[in-house]
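To keep things clear, I will list the structure first and then write my remarks on it.
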Amino acid sequence: MQAVSSLQTYLKRLHLEPKAAFWRQSIPAVIQLLMESEVSQQIDAGHYERSDGRKAYRNGYRTRHWQTPAGEVTLKIPKLRRGTYTPAFVNSTTAMQIREWLWQRYHFGDAGDDHLAHLCKAYGLDLPPHTISMISAAIHDLIKAYRTQPINDDYPFLWLDALDLGQQEGRYRVLLVAIGIDEHGDYRALDFEISTSADDDRAWAALMRRLIARGQTQFIRIISGECGNLRVLVDQVFAAEWQYQRPYTLQDLLYETHRDDERVLVDAIYDLLVRAPYHEDEIRMLHGLYSHSTTSVYAVHGAA
């Protein structure tokens with residue numbers, strides 16, 4: 001699907017994709033929750049639960065090394081005092097399937113209980129809806145904790161822009177991005193939201209709230225377009241100077257610069273947004289970038 005491909009490409013270019021540490025934590029976490037739930041169902045009792053129908057007691061854990069797309073991880077497989085428990089659903093394809101579900105949850109937040117229930121059914125796990133919801137909620141909290149980690153560096157300039165992702169499963173998607181620019185001209189993509197419109201005030205507000213939660217509050221200048229009520233939201237959230245910049249400028253810059261020309265992109269962002277924030281300069285900058293990058297292979301914007 002083009003939108004997913006474009007999203008993955010943009011996130012990778014902007015260094016916003018989940019890091020290996022996230023996968024090494026989240027994939028085993030899902031497996032652990034599924035195993036604990038399956039054992040509870042098998043012995044007819046949860047952790048520390050008093051049950052007249054209990055069939056067996058837990059007896060600690062045994063470890064098992066498991067290869068995942070993020071590398072080798074260690075699983076803690078529950079042991080029973082009587083009988084054995086073997087998680088038959090843990091195989092070579094499980095990690096990839098769970099990674100796909102986590103990827104959807106991480107970026108879109110709309111691959112929840114139904115998708116997880118479908119996975120469980122495919123694994124032969126007949127878990128009740130409240131257990132599915134519990135696992136889904138635990139993973140939601142894990143993703144939230146990862147995405148709200150503090151950003152320790154200071155950025156006097158904040159650029160808010162949108163990138164067109166096209167259609168995915170019949171829905172138009174837009175990537176909303178927050179770019180921090182420091183006093184030396186270097187930039188860092190700080191965070192993102194995915195929405196169905198660049199005019200989505202709720203998504204812009206969520207993005208800005210998360211920036212504040214991550215310690216980003218001391219901006220001198222906010223640079224953005226006037227998508228929806230974004231200008232009003234910026235004034236409400238940040239006590240900073242505001243500067244207009246045409247929406248989707250970042251997409252043009254990424255399109256016109258090769259992914260290996262990082263210095264060109266850094267200089268373009270700084271020159272365009274900090275040194276020369278005027279429309280005529282923008283036209284000259286983009287024209288110069290196009291001349292510099294006529295052999296660029298990073299043509300994701302408008303790609304078929």
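By order of appearance in the structure tokens: chains A, B, ..., then residues from 1 within every chain, and ligands from 1 in the order shown.
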Got a sec: who's within 10 Å of Arg231 of chain A, counting only C-alpha atoms, leaving out chain neighbours fewer than 4 positions off, as a list in words?
Ile222, Ile223, Ser224, Gly225, Glu226, Cys227, Asp235, Gln236, Trp242, Gln243 and Tyr244 of chain A
Residue list (strand (DSSP E or B), DSSP) for segment 212-257 of chain A, as an NGL selection string
:A and (221-224 or 241-244)
Using only C-alpha atoms, tabulate the residues of segment 82-107 of chain A lying at most 9 Å from any atom of segment 52-68 of chain A, each with its closest atom pair and that distance in Å to one decimal, by chain and increasing residue number, as JSON lines.
```
{"residue": "A:Arg82", "atom": "CA", "partner": "A:Ala56", "partner_atom": "CA", "distance": 6.1}
{"residue": "A:Gly83", "atom": "CA", "partner": "A:Ala56", "partner_atom": "CA", "distance": 7.9}
{"residue": "A:Val90", "atom": "CA", "partner": "A:Trp66", "partner_atom": "CA", "distance": 8.8}
{"residue": "A:Asn91", "atom": "CA", "partner": "A:Trp66", "partner_atom": "CA", "distance": 8.8}
{"residue": "A:Ser92", "atom": "CA", "partner": "A:Gln67", "partner_atom": "CA", "distance": 7.9}
{"residue": "A:Thr94", "atom": "CA", "partner": "A:Thr68", "partner_atom": "CA", "distance": 8.8}
{"residue": "A:Ala95", "atom": "CA", "partner": "A:Thr68", "partner_atom": "CA", "distance": 5.7}
{"residue": "A:Met96", "atom": "CA", "partner": "A:Thr68", "partner_atom": "CA", "distance": 7.5}
```
Convert the current residue selection to file output with N, CA and C atoms, as a PDB file, in the first residue's frame.
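Once everything was written out, this is result_21.pdb:
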```pdb
ATOM      1  N   ARG A  82       2.132 -28.995  38.665  1.00  0.00           N
ATOM      2  CA  ARG A  82       1.660 -30.276  38.135  1.00  0.00           C
ATOM      3  C   ARG A  82       1.305 -30.084  36.669  1.00  0.00           C
ATOM      4  N   GLY A  83       1.904 -30.914  35.826  1.00  0.00           N
ATOM      5  CA  GLY A  83       1.690 -30.758  34.406  1.00  0.00           C
ATOM      6  C   GLY A  83       2.699 -29.783  33.803  1.00  0.00           C
ATOM      7  N   VAL A  90       4.040 -19.648  19.966  1.00  0.00           N
ATOM      8  CA  VAL A  90       5.318 -18.948  19.785  1.00  0.00           C
ATOM      9  C   VAL A  90       6.142 -19.708  18.759  1.00  0.00           C
ATOM     10  N   ASN A  91       6.224 -19.150  17.544  1.00  0.00           N
ATOM     11  CA  ASN A  91       6.983 -19.789  16.472  1.00  0.00           C
ATOM     12  C   ASN A  91       7.678 -18.725  15.630  1.00  0.00           C
ATOM     13  N   SER A  92       8.211 -19.108  14.507  1.00  0.00           N
ATOM     14  CA  SER A  92       9.029 -18.197  13.702  1.00  0.00           C
ATOM     15  C   SER A  92       8.228 -17.050  13.102  1.00  0.00           C
ATOM     16  N   THR A  94       5.365 -15.711  14.586  1.00  0.00           N
ATOM     17  CA  THR A  94       4.632 -14.950  15.604  1.00  0.00           C
ATOM     18  C   THR A  94       5.190 -13.553  15.784  1.00  0.00           C
ATOM     19  N   ALA A  95       6.508 -13.437  15.859  1.00  0.00           N
ATOM     20  CA  ALA A  95       7.131 -12.137  16.103  1.00  0.00           C
ATOM     21  C   ALA A  95       6.789 -11.142  15.007  1.00  0.00           C
ATOM     22  N   MET A  96       6.801 -11.583  13.749  1.00  0.00           N
ATOM     23  CA  MET A  96       6.486 -10.686  12.634  1.00  0.00           C
ATOM     24  C   MET A  96       5.036 -10.236  12.690  1.00  0.00           C
TER      25      MET A  96
END
```
Near segment 204-218 of chain A, counting only C-alpha atoms, which residues have an atom at most 8 Å away, once you skip same-chain residues fewer than 3 positions from it, shown as a ChimeraX atom specification?
/A:148-152,154-156,176,178,190-193,200-201,230,233,237-238
All alpha helix (DSSP H) residues (DSSP, backbone) inside segment 110-195 of chain A, as a PyMOL selection string
chain A and resi 113-122+129-147
So that I can see what lies close to Leu250 of chain A, please list as a PyMOL selection string the residues with an atom at most 8 Å from it, counting only C-alpha atoms and leaving out residues fewer than 2 positions away in the same chain.
chain A and resi 161-163+247-248+252-254
With distances taken over only C-alpha atoms, which of A:Thr93, A:Ser40, A:Gln32, A:Ser197 is nearest to Ile135 of chain A?
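Residue with the minimum atom-to-atom distance to Ile135 of chain A: A:Gln32.
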Looking at only C-alpha atoms, which of A:Ala20, A:Phe157, A:Glu100, A:Glu38 is the one that sits closest to Thr86 of chain A?
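That would be A:Glu38, the residue with the smallest distance to Thr86 of chain A.
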Shortest contact to Tyr187 of chain A, candidates A:Leu158, A:Ile220, A:Ala240, A:Leu16, atoms counted only C-alpha atoms, goes to A:Leu158
In Å, how far is it from atom CA of Ile77 of chain A to atom CA of Trp103 of chain A?
24.6 Å
Counting only C-alpha atoms, give me one row per residue of segment 136-189 of chain A with an atom at most 12 Å from an atom of segment 114-117 of chain A, showing the shortest contact pair and its distance in Å to one decimal, sorted by chain then residue number, as JSON lines.
```
{"residue": "A:Ser136", "atom": "CA", "partner": "A:Leu116", "partner_atom": "CA", "distance": 7.6}
{"residue": "A:Ala137", "atom": "CA", "partner": "A:Leu116", "partner_atom": "CA", "distance": 11.3}
{"residue": "A:Ile139", "atom": "CA", "partner": "A:Leu116", "partner_atom": "CA", "distance": 11.0}
```
Using only C-alpha atoms, determine which residues lie at most 10 Å from His140 of chain A, disregarding the query and same-chain residues fewer than 5 positions distant; provide the list as a ChimeraX atom specification.
/A:102,105-106,109,112,134-135,145-146
Give the answer as one residue: which of A:Arg202, A:Lys76, A:Arg188, A:Arg246 has the shortest atom-to-atom distance to His15 of chain A, using only C-alpha atoms?
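Using only C-alpha atoms, the shortest distance to His15 of chain A belongs to A:Arg188.
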Determine, counting only C-alpha atoms, which protein, DNA and RNA residues have an atom within 10 Å of an atom of Ala29 of chain A; residues of the same chain fewer than 4 positions away are not included. Present the result as a PyMOL selection string.
chain A and resi 23-25+33-35+75+135+138-139+142
